[in-house]
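J.: This is the structure I have questions about; it appears just below.
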Amino acid sequence: MSAKIGCDARVSDGMFRSRACTRAASVVRDGSHYCKQHDPVAKEARRDATQSAWRAEWNVKMARRRIEMAAPDLLAACELVAASSMRNEAYDACIAAIAKAKAAK
Ligand SMILES: [Zn+2]
């Protein structure tokens with residue numbers, strides 16, 4: 001029975017020093033052995049997934065912020081249209097939007 005090969009990664013001991021990872025290696029990259037946690041390819045994939053999730057969350061926050069910043073102008077424009085238009089589809093849409101915006105306050 002062959003002995004298990006250990007991970008070649010160095011990990012912090014929490015005291016500004018490093019020690020060898022104690023896990024068994026599961027992959028070989030460029031001649032070095034790595035466990036699943038320290039596999040450079042897996043680490044990059046985890047980092048990419050984290051960045052993608054953060055970027056998606058950031059995009060949602062920024063879209064919400066742009067809408068919030070535009071909301072007062074949009075409300076004012078709707079109120080102008082509602083005050084100056086004949087009753088039609090645009091008028092009804094403005095009235096509905098105004099009611100919805102005021103209910104959200
Ligand atoms: Zn490791």
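Identifiers in the structure tokens: chain A, B, ... in order shown; residue index from 1 per chain; ligand index from 1 in order shown.
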Would you mind listing the residues within 7 Å of ligand 1, counting only C-alpha atoms and all ligand atoms, as a PyMOL selection string?
T.: chain A and resi 7-9+21-23+25+34-38
J.: With a distance cut-off of 12 Å and only C-alpha atoms, select the neighbouring residues of stretch 41-43 of chain A, excluding the residue or stretch itself and same-chain residues fewer than 6 positions from it, and output the selection as a list in words.
T.: Ser26, Val27, Val28, Arg29, Asp30, Tyr34, Cys35, Ala49 and Thr50 of chain A
J.: Keeping only N, CA and C atoms, write the selected residues as a compact mmCIF listing (two decimals), in the first residue's frame.
T.:
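Heads up, here's the output in again33.txt:
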```txt
# COMPACT_ATOMS: atom_id res chain seq x y z
N SER A 26 -4.51 15.87 -3.90
CA SER A 26 -5.47 15.23 -4.79
C SER A 26 -5.20 15.56 -6.26
N VAL A 27 -4.35 16.57 -6.51
CA VAL A 27 -4.02 16.93 -7.89
C VAL A 27 -2.54 17.32 -7.97
N VAL A 28 -1.99 17.27 -9.17
CA VAL A 28 -0.62 17.71 -9.42
C VAL A 28 -0.70 18.83 -10.44
N ARG A 29 -0.11 19.97 -10.12
CA ARG A 29 -0.06 21.13 -11.03
C ARG A 29 1.40 21.54 -11.18
N ASP A 30 1.90 21.52 -12.38
CA ASP A 30 3.29 21.90 -12.66
C ASP A 30 4.27 21.18 -11.72
N TYR A 34 -1.19 19.22 -4.66
CA TYR A 34 -2.10 20.11 -3.91
C TYR A 34 -3.34 19.35 -3.45
N CYS A 35 -3.83 19.73 -2.29
CA CYS A 35 -5.13 19.23 -1.83
C CYS A 35 -6.21 20.02 -2.57
N ALA A 49 -15.67 32.94 -9.04
CA ALA A 49 -17.09 32.84 -8.66
C ALA A 49 -17.44 33.93 -7.65
N THR A 50 -16.55 34.17 -6.69
CA THR A 50 -16.79 35.21 -5.69
C THR A 50 -16.86 36.58 -6.35
```
J.: Would you please work out which residue, of A:Asp48, A:Glu79, A:Glu68, A:Glu89, is nearest to A:Ala104 when using only C-alpha atoms?
T.: A:Glu68
J.: Quick check for you: according to DSSP on this backbone, which residues of chain A are classed as alpha helix (DSSP H)? Reply as a ChimeraX atom specification.
T.: /A:40-84,89-103
